[in-house]
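What follows is the content of structure27.cif, which has mmCIF, C-alpha atoms, pLDDT in the B column; chains and numbers go by the auth columns:
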data_work
#
loop_
_atom_site.group_PDB
_atom_site.id
_atom_site.type_symbol
_atom_site.label_atom_id
_atom_site.label_comp_id
_atom_site.label_asym_id
_atom_site.label_seq_id
_atom_site.Cartn_x
_atom_site.Cartn_y
_atom_site.Cartn_z
_atom_site.B_iso_or_equiv
_atom_site.auth_seq_id
_atom_site.auth_asym_id
ATOM 1 C CA ARG A 1 5.084 -7.641 -17.215 67.00 1 N
ATOM 2 C CA LYS A 2 3.922 -5.979 -14.011 78.00 2 N
ATOM 3 C CA GLU A 3 3.842 -8.131 -10.889 87.00 3 N
ATOM 4 C CA VAL A 4 0.202 -7.271 -10.203 92.00 4 N
ATOM 5 C CA GLU A 5 -2.211 -5.931 -12.812 93.00 5 N
ATOM 6 C CA GLN A 6 -5.673 -4.550 -12.286 93.00 6 N
ATOM 7 C CA ASP A 7 -8.364 -3.035 -14.460 88.00 7 N
ATOM 8 C CA PRO A 8 -8.176 0.618 -13.379 87.00 8 N
ATOM 9 C CA GLY A 9 -11.878 1.210 -14.034 87.00 9 N
ATOM 10 C CA PRO A 10 -13.586 3.400 -13.108 93.00 10 N
ATOM 11 C CA PHE A 11 -16.578 1.232 -12.328 95.00 11 N
ATOM 12 C CA ASN A 12 -19.509 3.572 -11.942 96.00 12 N
ATOM 13 C CA VAL A 13 -22.492 1.750 -10.423 97.00 13 N
ATOM 14 C CA PRO A 14 -25.816 2.699 -8.798 97.00 14 N
ATOM 15 C CA GLU A 15 -26.481 2.013 -5.143 98.00 15 N
ATOM 16 C CA GLY A 16 -27.618 -1.544 -4.588 97.00 16 N
ATOM 17 C CA ALA A 17 -25.806 -2.910 -7.627 97.00 17 N
ATOM 18 C CA THR A 18 -23.240 -5.678 -7.651 98.00 18 N
ATOM 19 C CA VAL A 19 -19.773 -4.898 -8.950 97.00 19 N
ATOM 20 C CA ALA A 20 -16.906 -7.306 -9.501 97.00 20 N
ATOM 21 C CA PHE A 21 -13.369 -6.964 -10.755 96.00 21 N
ATOM 22 C CA ASN A 22 -10.236 -9.032 -11.059 95.00 22 N
ATOM 23 C CA CYS A 23 -6.542 -8.770 -10.648 95.00 23 N
ATOM 24 C CA THR A 24 -3.809 -10.961 -12.137 96.00 24 N
ATOM 25 C CA TYR A 25 -0.398 -11.691 -10.668 95.00 25 N
ATOM 26 C CA SER A 26 2.776 -12.908 -12.335 93.00 26 N
ATOM 27 C CA ASN A 27 4.581 -14.891 -9.634 90.00 27 N
ATOM 28 C CA SER A 28 3.090 -18.366 -9.355 89.00 28 N
ATOM 29 C CA ALA A 29 4.947 -18.850 -6.050 88.00 29 N
ATOM 30 C CA SER A 30 3.052 -16.008 -4.364 88.00 30 N
ATOM 31 C CA GLN A 31 1.724 -17.136 -1.031 84.00 31 N
ATOM 32 C CA SER A 32 -0.724 -14.615 0.315 90.00 32 N
ATOM 33 C CA PHE A 33 -3.238 -12.311 -1.239 93.00 33 N
ATOM 34 C CA PHE A 34 -5.154 -9.316 0.016 94.00 34 N
ATOM 35 C CA TRP A 35 -7.543 -6.610 -0.996 96.00 35 N
ATOM 36 C CA TYR A 36 -6.863 -3.166 0.405 96.00 36 N
ATOM 37 C CA ARG A 37 -9.089 -0.150 0.133 97.00 37 N
ATOM 38 C CA GLN A 38 -7.777 3.376 -0.372 96.00 38 N
ATOM 39 C CA ASP A 39 -9.974 6.451 -0.074 95.00 39 N
ATOM 40 C CA CYS A 40 -8.982 9.661 -1.799 91.00 40 N
ATOM 41 C CA ARG A 41 -5.914 11.234 -0.156 89.00 41 N
ATOM 42 C CA LYS A 42 -5.871 8.593 2.589 94.00 42 N
ATOM 43 C CA GLU A 43 -3.724 5.611 3.439 95.00 43 N
ATOM 44 C CA PRO A 44 -4.496 2.088 2.205 95.00 44 N
ATOM 45 C CA LYS A 45 -6.390 -0.057 4.697 95.00 45 N
ATOM 46 C CA LEU A 46 -6.810 -3.812 4.703 94.00 46 N
ATOM 47 C CA LEU A 47 -10.233 -4.821 3.432 96.00 47 N
ATOM 48 C CA MET A 48 -9.790 -8.574 3.545 94.00 48 N
ATOM 49 C CA SER A 49 -7.330 -11.388 3.082 91.00 49 N
ATOM 50 C CA VAL A 50 -8.019 -13.830 0.257 92.00 50 N
ATOM 51 C CA TYR A 51 -7.976 -17.531 1.041 83.00 51 N
ATOM 52 C CA SER A 52 -7.655 -20.444 -1.361 83.00 52 N
ATOM 53 C CA SER A 53 -11.207 -21.561 -0.835 79.00 53 N
ATOM 54 C CA GLY A 54 -12.596 -18.072 -1.285 84.00 54 N
ATOM 55 C CA ASN A 55 -14.040 -16.070 1.538 92.00 55 N
ATOM 56 C CA GLU A 56 -16.802 -13.660 2.363 93.00 56 N
ATOM 57 C CA ASP A 57 -16.958 -10.707 4.693 93.00 57 N
ATOM 58 C CA GLY A 58 -20.434 -9.256 4.742 96.00 58 N
ATOM 59 C CA ARG A 59 -21.176 -7.863 1.293 97.00 59 N
ATOM 60 C CA PHE A 60 -17.642 -8.568 0.052 97.00 60 N
ATOM 61 C CA THR A 61 -16.544 -11.845 -1.532 97.00 61 N
ATOM 62 C CA ALA A 62 -12.985 -12.620 -2.569 96.00 62 N
ATOM 63 C CA GLN A 63 -11.899 -15.523 -4.751 95.00 63 N
ATOM 64 C CA LEU A 64 -8.472 -16.881 -5.609 94.00 64 N
ATOM 65 C CA ASN A 65 -7.732 -18.875 -8.750 92.00 65 N
ATOM 66 C CA ARG A 66 -4.164 -20.161 -8.492 91.00 66 N
ATOM 67 C CA ALA A 67 -4.264 -22.024 -11.811 91.00 67 N
ATOM 68 C CA SER A 68 -5.043 -18.854 -13.730 92.00 68 N
ATOM 69 C CA GLN A 69 -3.224 -16.598 -11.264 94.00 69 N
ATOM 70 C CA TYR A 70 -5.982 -14.165 -10.555 92.00 70 N
ATOM 71 C CA ILE A 71 -7.990 -12.964 -7.610 95.00 71 N
ATOM 72 C CA SER A 72 -11.349 -11.287 -7.666 96.00 72 N
ATOM 73 C CA LEU A 73 -13.454 -9.060 -5.483 97.00 73 N
ATOM 74 C CA LEU A 74 -17.223 -8.859 -5.629 97.00 74 N
ATOM 75 C CA ILE A 75 -19.241 -6.228 -3.805 98.00 75 N
ATOM 76 C CA ARG A 76 -22.950 -6.886 -3.359 98.00 76 N
ATOM 77 C CA ASP A 77 -25.622 -4.307 -2.561 98.00 77 N
ATOM 78 C CA SER A 78 -23.209 -1.419 -3.139 98.00 78 N
ATOM 79 C CA LYS A 79 -23.348 1.522 -0.752 98.00 79 N
ATOM 80 C CA LEU A 80 -22.226 5.087 -1.399 97.00 80 N
ATOM 81 C CA SER A 81 -19.515 4.501 1.196 97.00 81 N
ATOM 82 C CA ASP A 82 -18.017 1.739 -0.965 98.00 82 N
ATOM 83 C CA SER A 83 -16.710 4.410 -3.354 97.00 83 N
ATOM 84 C CA ALA A 84 -12.941 4.034 -3.179 97.00 84 N
ATOM 85 C CA THR A 85 -9.938 2.575 -4.962 96.00 85 N
ATOM 86 C CA TYR A 86 -9.455 -1.144 -4.336 97.00 86 N
ATOM 87 C CA LEU A 87 -5.872 -2.350 -4.355 96.00 87 N
ATOM 88 C CA CYS A 88 -4.981 -5.935 -5.142 95.00 88 N
ATOM 89 C CA VAL A 89 -1.962 -7.016 -3.096 93.00 89 N
ATOM 90 C CA VAL A 90 0.211 -10.102 -3.490 93.00 90 N
ATOM 91 C CA LEU A 91 2.887 -11.365 -1.099 89.00 91 N
ATOM 92 C CA ASP A 92 6.024 -13.223 -2.095 82.00 92 N
ATOM 93 C CA TYR A 93 9.102 -11.830 -0.357 79.00 93 N
ATOM 94 C CA LYS A 94 7.400 -8.430 -0.253 81.00 94 N
ATOM 95 C CA LEU A 95 3.955 -6.998 -0.792 85.00 95 N
ATOM 96 C CA SER A 96 3.336 -5.986 -4.392 89.00 96 N
ATOM 97 C CA PHE A 97 0.447 -3.636 -4.999 91.00 97 N
ATOM 98 C CA GLY A 98 -1.665 -3.278 -8.085 92.00 98 N
ATOM 99 C CA ALA A 99 -2.387 0.235 -9.308 91.00 99 N
ATOM 100 C CA GLY A 100 -5.959 -0.040 -8.052 94.00 100 N
ATOM 101 C CA THR A 101 -9.488 -0.288 -9.391 95.00 101 N
ATOM 102 C CA THR A 102 -11.642 2.765 -8.823 95.00 102 N
ATOM 103 C CA VAL A 103 -15.261 2.186 -7.860 97.00 103 N
ATOM 104 C CA THR A 104 -17.798 4.983 -7.705 97.00 104 N
ATOM 105 C CA VAL A 105 -21.232 4.228 -6.304 97.00 105 N
ATOM 106 C CA ARG A 106 -23.864 6.800 -7.244 96.00 106 N
ATOM 107 C CA ALA A 107 -27.175 7.540 -5.543 95.00 107 N
ATOM 108 C CA ASP B 1 -4.046 6.266 20.057 64.00 108 A
ATOM 109 C CA THR B 2 -2.590 6.257 16.545 72.00 109 A
ATOM 110 C CA ALA B 3 -1.126 2.940 15.384 93.00 110 A
ATOM 111 C CA VAL B 4 1.278 4.236 12.718 97.00 111 A
ATOM 112 C CA SER B 5 2.071 7.934 12.717 96.00 112 A
ATOM 113 C CA GLN B 6 4.158 10.055 10.363 97.00 113 A
ATOM 114 C CA THR B 7 5.457 13.576 10.513 97.00 114 A
ATOM 115 C CA PRO B 8 5.151 15.896 8.805 97.00 115 A
ATOM 116 C CA LYS B 9 1.864 15.377 6.979 96.00 116 A
ATOM 117 C CA TYR B 10 2.753 17.955 4.324 97.00 117 A
ATOM 118 C CA LEU B 11 6.172 19.038 3.157 97.00 118 A
ATOM 119 C CA VAL B 12 6.803 21.701 0.527 97.00 119 A
ATOM 120 C CA THR B 13 10.415 22.396 -0.316 97.00 120 A
ATOM 121 C CA GLN B 14 12.690 23.520 -3.095 97.00 121 A
ATOM 122 C CA MET B 15 14.874 21.451 -5.353 97.00 122 A
ATOM 123 C CA GLY B 16 18.267 20.701 -3.905 97.00 123 A
ATOM 124 C CA ASN B 17 17.154 20.785 -0.270 97.00 124 A
ATOM 125 C CA ASP B 18 17.528 17.928 2.208 97.00 125 A
ATOM 126 C CA LYS B 19 14.517 16.781 4.214 97.00 126 A
ATOM 127 C CA SER B 20 13.484 14.036 6.634 97.00 127 A
ATOM 128 C CA ILE B 21 10.235 12.221 7.322 98.00 128 A
ATOM 129 C CA LYS B 22 9.673 10.389 10.586 97.00 129 A
ATOM 130 C CA CYS B 23 7.548 7.330 11.286 97.00 130 A
ATOM 131 C CA GLU B 24 6.572 5.607 14.518 97.00 131 A
ATOM 132 C CA GLN B 25 4.395 2.582 15.216 97.00 132 A
ATOM 133 C CA ASN B 26 2.956 1.459 18.535 96.00 133 A
ATOM 134 C CA LEU B 27 1.621 -1.901 17.344 94.00 134 A
ATOM 135 C CA GLY B 28 4.598 -3.894 18.592 94.00 135 A
ATOM 136 C CA HIS B 29 5.442 -4.938 15.025 94.00 136 A
ATOM 137 C CA ASP B 30 8.964 -5.970 14.134 93.00 137 A
ATOM 138 C CA THR B 31 9.002 -4.817 10.504 94.00 138 A
ATOM 139 C CA MET B 32 8.546 -1.364 8.995 95.00 139 A
ATOM 140 C CA TYR B 33 8.388 -0.118 5.427 95.00 140 A
ATOM 141 C CA TRP B 34 8.547 2.990 3.275 96.00 141 A
ATOM 142 C CA TYR B 35 6.385 3.221 0.184 95.00 142 A
ATOM 143 C CA LYS B 36 6.144 5.882 -2.483 95.00 143 A
ATOM 144 C CA GLN B 37 2.848 6.643 -4.210 94.00 144 A
ATOM 145 C CA ASP B 38 3.255 8.809 -7.266 89.00 145 A
ATOM 146 C CA SER B 39 0.747 10.874 -9.203 83.00 146 A
ATOM 147 C CA LYS B 40 -0.429 7.768 -11.053 77.00 147 A
ATOM 148 C CA LYS B 41 -1.395 6.320 -7.644 78.00 148 A
ATOM 149 C CA PHE B 42 0.941 3.363 -8.020 83.00 149 A
ATOM 150 C CA LEU B 43 2.195 2.277 -4.574 89.00 150 A
ATOM 151 C CA LYS B 44 5.775 1.022 -4.690 90.00 151 A
ATOM 152 C CA ILE B 45 7.903 -0.301 -1.879 91.00 152 A
ATOM 153 C CA MET B 46 11.201 1.471 -1.266 94.00 153 A
ATOM 154 C CA PHE B 47 12.679 -0.044 1.891 92.00 154 A
ATOM 155 C CA SER B 48 11.888 -2.504 4.632 92.00 155 A
ATOM 156 C CA TYR B 49 13.503 -2.945 8.042 92.00 156 A
ATOM 157 C CA ASN B 50 13.105 -5.913 10.350 91.00 157 A
ATOM 158 C CA ASN B 51 14.291 -5.340 13.919 88.00 158 A
ATOM 159 C CA LYS B 52 16.397 -2.390 12.760 85.00 159 A
ATOM 160 C CA GLU B 53 18.043 -4.379 9.953 89.00 160 A
ATOM 161 C CA LEU B 54 17.519 -3.466 6.303 89.00 161 A
ATOM 162 C CA ILE B 55 15.875 -6.413 4.527 88.00 162 A
ATOM 163 C CA ILE B 56 14.431 -4.874 1.385 85.00 163 A
ATOM 164 C CA ASN B 57 16.077 -2.163 -0.663 85.00 164 A
ATOM 165 C CA GLU B 58 14.337 -1.732 -3.976 86.00 165 A
ATOM 166 C CA THR B 59 15.848 0.281 -6.793 79.00 166 A
ATOM 167 C CA VAL B 60 15.898 3.640 -5.074 88.00 167 A
ATOM 168 C CA PRO B 61 18.411 6.453 -5.675 91.00 168 A
ATOM 169 C CA ASN B 62 21.021 6.634 -2.942 91.00 169 A
ATOM 170 C CA ARG B 63 19.816 10.143 -2.171 96.00 170 A
ATOM 171 C CA PHE B 64 17.220 8.287 -0.068 95.00 171 A
ATOM 172 C CA SER B 65 18.604 6.965 3.205 94.00 172 A
ATOM 173 C CA PRO B 66 16.380 5.183 5.705 94.00 173 A
ATOM 174 C CA LYS B 67 17.341 4.892 9.353 93.00 174 A
ATOM 175 C CA SER B 68 15.780 2.709 12.014 94.00 175 A
ATOM 176 C CA PRO B 69 16.930 3.661 15.527 92.00 176 A
ATOM 177 C CA ASP B 70 14.702 0.954 17.016 92.00 177 A
ATOM 178 C CA LYS B 71 11.997 -1.359 15.775 91.00 178 A
ATOM 179 C CA ALA B 72 9.248 1.151 16.496 95.00 179 A
ATOM 180 C CA HIS B 73 10.775 3.918 14.381 96.00 180 A
ATOM 181 C CA LEU B 74 11.787 4.237 10.755 96.00 181 A
ATOM 182 C CA ASN B 75 12.866 7.571 9.351 96.00 182 A
ATOM 183 C CA LEU B 76 13.576 8.580 5.768 97.00 183 A
ATOM 184 C CA HIS B 77 16.134 11.213 4.853 97.00 184 A
ATOM 185 C CA ILE B 78 16.220 12.570 1.331 97.00 185 A
ATOM 186 C CA ASN B 79 19.199 14.540 0.012 97.00 186 A
ATOM 187 C CA SER B 80 19.264 16.920 -2.932 97.00 187 A
ATOM 188 C CA LEU B 81 15.543 16.775 -3.580 97.00 188 A
ATOM 189 C CA GLU B 82 14.395 16.635 -7.211 97.00 189 A
ATOM 190 C CA LEU B 83 11.068 17.487 -8.847 96.00 190 A
ATOM 191 C CA GLY B 84 10.453 13.775 -9.458 94.00 191 A
ATOM 192 C CA ASP B 85 10.551 13.105 -5.721 96.00 192 A
ATOM 193 C CA SER B 86 7.164 14.795 -5.373 96.00 193 A
ATOM 194 C CA ALA B 87 4.790 12.075 -4.183 96.00 194 A
ATOM 195 C CA VAL B 88 3.026 10.751 -1.111 97.00 195 A
ATOM 196 C CA TYR B 89 5.308 8.685 1.108 97.00 196 A
ATOM 197 C CA PHE B 90 3.655 6.085 3.298 97.00 197 A
ATOM 198 C CA CYS B 91 5.174 4.297 6.234 97.00 198 A
ATOM 199 C CA ALA B 92 3.775 0.891 7.176 96.00 199 A
ATOM 200 C CA SER B 93 4.416 -1.859 9.687 95.00 200 A
ATOM 201 C CA SER B 94 3.698 -5.557 10.077 92.00 201 A
ATOM 202 C CA GLN B 95 4.822 -8.683 11.852 90.00 202 A
ATOM 203 C CA ILE B 96 7.294 -10.578 9.648 82.00 203 A
ATOM 204 C CA ALA B 97 6.191 -14.005 10.840 78.00 204 A
ATOM 205 C CA GLY B 98 2.548 -13.187 10.153 75.00 205 A
ATOM 206 C CA PRO B 99 -0.158 -12.169 9.922 75.00 206 A
ATOM 207 C CA TYR B 100 1.186 -10.394 6.898 80.00 207 A
ATOM 208 C CA GLU B 101 -1.216 -7.503 6.593 86.00 208 A
ATOM 209 C CA GLN B 102 0.449 -4.137 6.811 91.00 209 A
ATOM 210 C CA TYR B 103 -0.833 -1.104 8.657 94.00 210 A
ATOM 211 C CA PHE B 104 -0.151 2.221 7.012 96.00 211 A
ATOM 212 C CA GLY B 105 0.504 5.663 8.373 97.00 212 A
ATOM 213 C CA PRO B 106 -1.488 8.642 7.071 96.00 213 A
ATOM 214 C CA GLY B 107 1.167 9.564 4.515 97.00 214 A
ATOM 215 C CA THR B 108 3.479 12.533 3.963 98.00 215 A
ATOM 216 C CA ARG B 109 2.654 14.595 0.896 97.00 216 A
ATOM 217 C CA LEU B 110 5.973 15.907 -0.434 97.00 217 A
ATOM 218 C CA THR B 111 5.980 18.655 -3.032 97.00 218 A
ATOM 219 C CA VAL B 112 9.279 19.743 -4.536 97.00 219 A
ATOM 220 C CA THR B 113 9.214 23.059 -6.373 97.00 220 A
#

Turn the structure described in the file into structure tokens.
Amino acid sequence: RKEVEQDPGPFNVPEGATVAFNCTYSNSASQSFFWYRQDCRKEPKLLMSVYSSGNEDGRFTAQLNRASQYISLLIRDSKLSDSATYLCVVLDYKLSFGAGTTVTVRA
Amino acid sequence: DTAVSQTPKYLVTQMGNDKSIKCEQNLGHDTMYWYKQDSKKFLKIMFSYNNKELIINETVPNRFSPKSPDKAHLNLHINSLELGDSAVYFCASSQIAGPYEQYFGPGTRLTVT
């Protein structure tokens, strides 16, 4: 079983739509969780950390469910610039990256 | 004012050659990493150094040898390059005691022909 698994998508949504996707992780002792964003042919960049109580950053909401070992990301009011691959990242003794969920926002 | 920089950005070479990639960070972080991202886009850690000491060494062929001359630099030397080494190699840095987010360099796109 992979350490971090994500639905690869692609999620193809119109501007203004809401899109949400999950990621599951295998190590119940994992301590920290993140969402990174990677644009085509660019480096990954931190989008947001994920806290136990869930957290919001503008149009982005992240949730953590430790019992079921998944985290989620919801994007509201999608913009064209949100088109990217979103990487789920889990920290135990190292960062483990999911393979990414591709989101394409169309005009 | 680049935070994490890598050179070269592109590297095209033939099988059997030896090549090096350099990485530097000016964030004052104490930990640096090498990742490999293959054609399937899966990002996998290769090595990690904390204050010049190797702390993570994932299952990587010993043709790959990292070197950290100081905590701001982490280089990667690859011997006897193979076709399967073609990938994008990312350097990253962070602070081991937290916060744990890593900052990535722009990547080195290696193509072995």

Contacts of region 32-106 of chain N with region 135-156 of chain A up to 8 Å, shortest pair per row, only C-alpha atoms, as a Markdown table:
| residue | atom | partner | partner_atom | distance |
| --- | --- | --- | --- | --- |
| N:Leu95 | CA | A:Ile152 | CA | 7.8 |
| N:Ser96 | CA | A:Lys151 | CA | 7.4 |
| N:Phe97 | CA | A:Leu150 | CA | 6.2 |
| N:Gly98 | CA | A:Phe149 | CA | 7.1 |
| N:Ala99 | CA | A:Phe149 | CA | 4.7 |
| N:Gly100 | CA | A:Phe149 | CA | 7.7 |

Item to complete: Measuring atom to atom with all atoms listed in the file, identify which of N:Asn22, N:Ser81, N:Asn65, N:Thr101 is nearest to chain A.
Response: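 Among the listed residues, the smallest separation from chain A belongs to N:Thr101.
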
Pick out the residues sitting within 12 Å of region 110-113 of chain A, and hand them over as a PDB file with C-alpha atoms, in the frame of the given file; count all atoms listed in the file, and ignore anything fewer than 2 positions along from it in its own chain.
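out15.pdb written:
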ATOM      1  CA  GLU N  43      -3.724   5.611   3.439  1.00 95.00           C
ATOM      2  CA  LYS N  45      -6.390  -0.057   4.697  1.00 95.00           C
TER       3      LYS N  45
ATOM      4  CA  ASP A 108      -4.046   6.266  20.057  1.00 64.00           C
ATOM      5  CA  PRO A 115       5.151  15.896   8.805  1.00 97.00           C
ATOM      6  CA  LYS A 116       1.864  15.377   6.979  1.00 96.00           C
ATOM      7  CA  TYR A 117       2.753  17.955   4.324  1.00 97.00           C
ATOM      8  CA  LEU A 118       6.172  19.038   3.157  1.00 97.00           C
ATOM      9  CA  SER A 127      13.484  14.036   6.634  1.00 97.00           C
ATOM     10  CA  ILE A 128      10.235  12.221   7.322  1.00 98.00           C
ATOM     11  CA  LYS A 129       9.673  10.389  10.586  1.00 97.00           C
ATOM     12  CA  CYS A 130       7.548   7.330  11.286  1.00 97.00           C
ATOM     13  CA  GLU A 131       6.572   5.607  14.518  1.00 97.00           C
ATOM     14  CA  GLN A 132       4.395   2.582  15.216  1.00 97.00           C
ATOM     15  CA  ASN A 133       2.956   1.459  18.535  1.00 96.00           C
ATOM     16  CA  LEU A 134       1.621  -1.901  17.344  1.00 94.00           C
ATOM     17  CA  GLY A 135       4.598  -3.894  18.592  1.00 94.00           C
ATOM     18  CA  HIS A 136       5.442  -4.938  15.025  1.00 94.00           C
ATOM     19  CA  MET A 139       8.546  -1.364   8.995  1.00 95.00           C
ATOM     20  CA  TYR A 140       8.388  -0.118   5.427  1.00 95.00           C
ATOM     21  CA  TRP A 141       8.547   2.990   3.275  1.00 96.00           C
ATOM     22  CA  ALA A 179       9.248   1.151  16.496  1.00 95.00           C
ATOM     23  CA  HIS A 180      10.775   3.918  14.381  1.00 96.00           C
ATOM     24  CA  LEU A 181      11.787   4.237  10.755  1.00 96.00           C
ATOM     25  CA  ASN A 182      12.866   7.571   9.351  1.00 96.00           C
ATOM     26  CA  LEU A 183      13.576   8.580   5.768  1.00 97.00           C
ATOM     27  CA  VAL A 195       3.026  10.751  -1.111  1.00 97.00           C
ATOM     28  CA  TYR A 196       5.308   8.685   1.108  1.00 97.00           C
ATOM     29  CA  PHE A 197       3.655   6.085   3.298  1.00 97.00           C
ATOM     30  CA  CYS A 198       5.174   4.297   6.234  1.00 97.00           C
ATOM     31  CA  ALA A 199       3.775   0.891   7.176  1.00 96.00           C
ATOM     32  CA  SER A 200       4.416  -1.859   9.687  1.00 95.00           C
ATOM     33  CA  SER A 201       3.698  -5.557  10.077  1.00 92.00           C
ATOM     34  CA  GLN A 209       0.449  -4.137   6.811  1.00 91.00           C
ATOM     35  CA  TYR A 210      -0.833  -1.104   8.657  1.00 94.00           C
ATOM     36  CA  PHE A 211      -0.151   2.221   7.012  1.00 96.00           C
ATOM     37  CA  GLY A 212       0.504   5.663   8.373  1.00 97.00           C
ATOM     38  CA  PRO A 213      -1.488   8.642   7.071  1.00 96.00           C
ATOM     39  CA  GLY A 214       1.167   9.564   4.515  1.00 97.00           C
ATOM     40  CA  THR A 215       3.479  12.533   3.963  1.00 98.00           C
ATOM     41  CA  ARG A 216       2.654  14.595   0.896  1.00 97.00           C
TER      42      ARG A 216
END

Practice prompt. Kindly indicate which residue among N:Ser26, N:Gln38, N:Ser78, N:Asn12 lies nearest to Arg66 (chain N), using only C-alpha atoms for the distances.
Written response: N:Ser26

Practice prompt. Excluding Phe11 (chain N) and residues on its chain fewer than 5 positions from it, collect all residues at most 7 Å away from it, counting all atoms listed in the file, and give them as a ChimeraX atom specification.
Written response: /N:102-104

Discussion item. Based on only C-alpha atoms, which of the residues in chain N come within 12 Å of chain A? I want them as a count of residues only.
Written reply: 44

What's the 7 Å shell around Lys126 (chain A), counting all atoms listed in the file, without same-chain residues fewer than 3 positions away, as a short mmCIF file (atom, residue, chain, number, x, y, z; two decimals) with C-alpha atoms, keeping the file's coordinate frame?
data_model
loop_
_atom_site.label_atom_id
_atom_site.label_comp_id
_atom_site.auth_asym_id
_atom_site.auth_seq_id
_atom_site.Cartn_x
_atom_site.Cartn_y
_atom_site.Cartn_z
CA HIS A 184 16.13 11.21 4.85
CA ILE A 185 16.22 12.57 1.33
CA ASN A 186 19.20 14.54 0.01
#
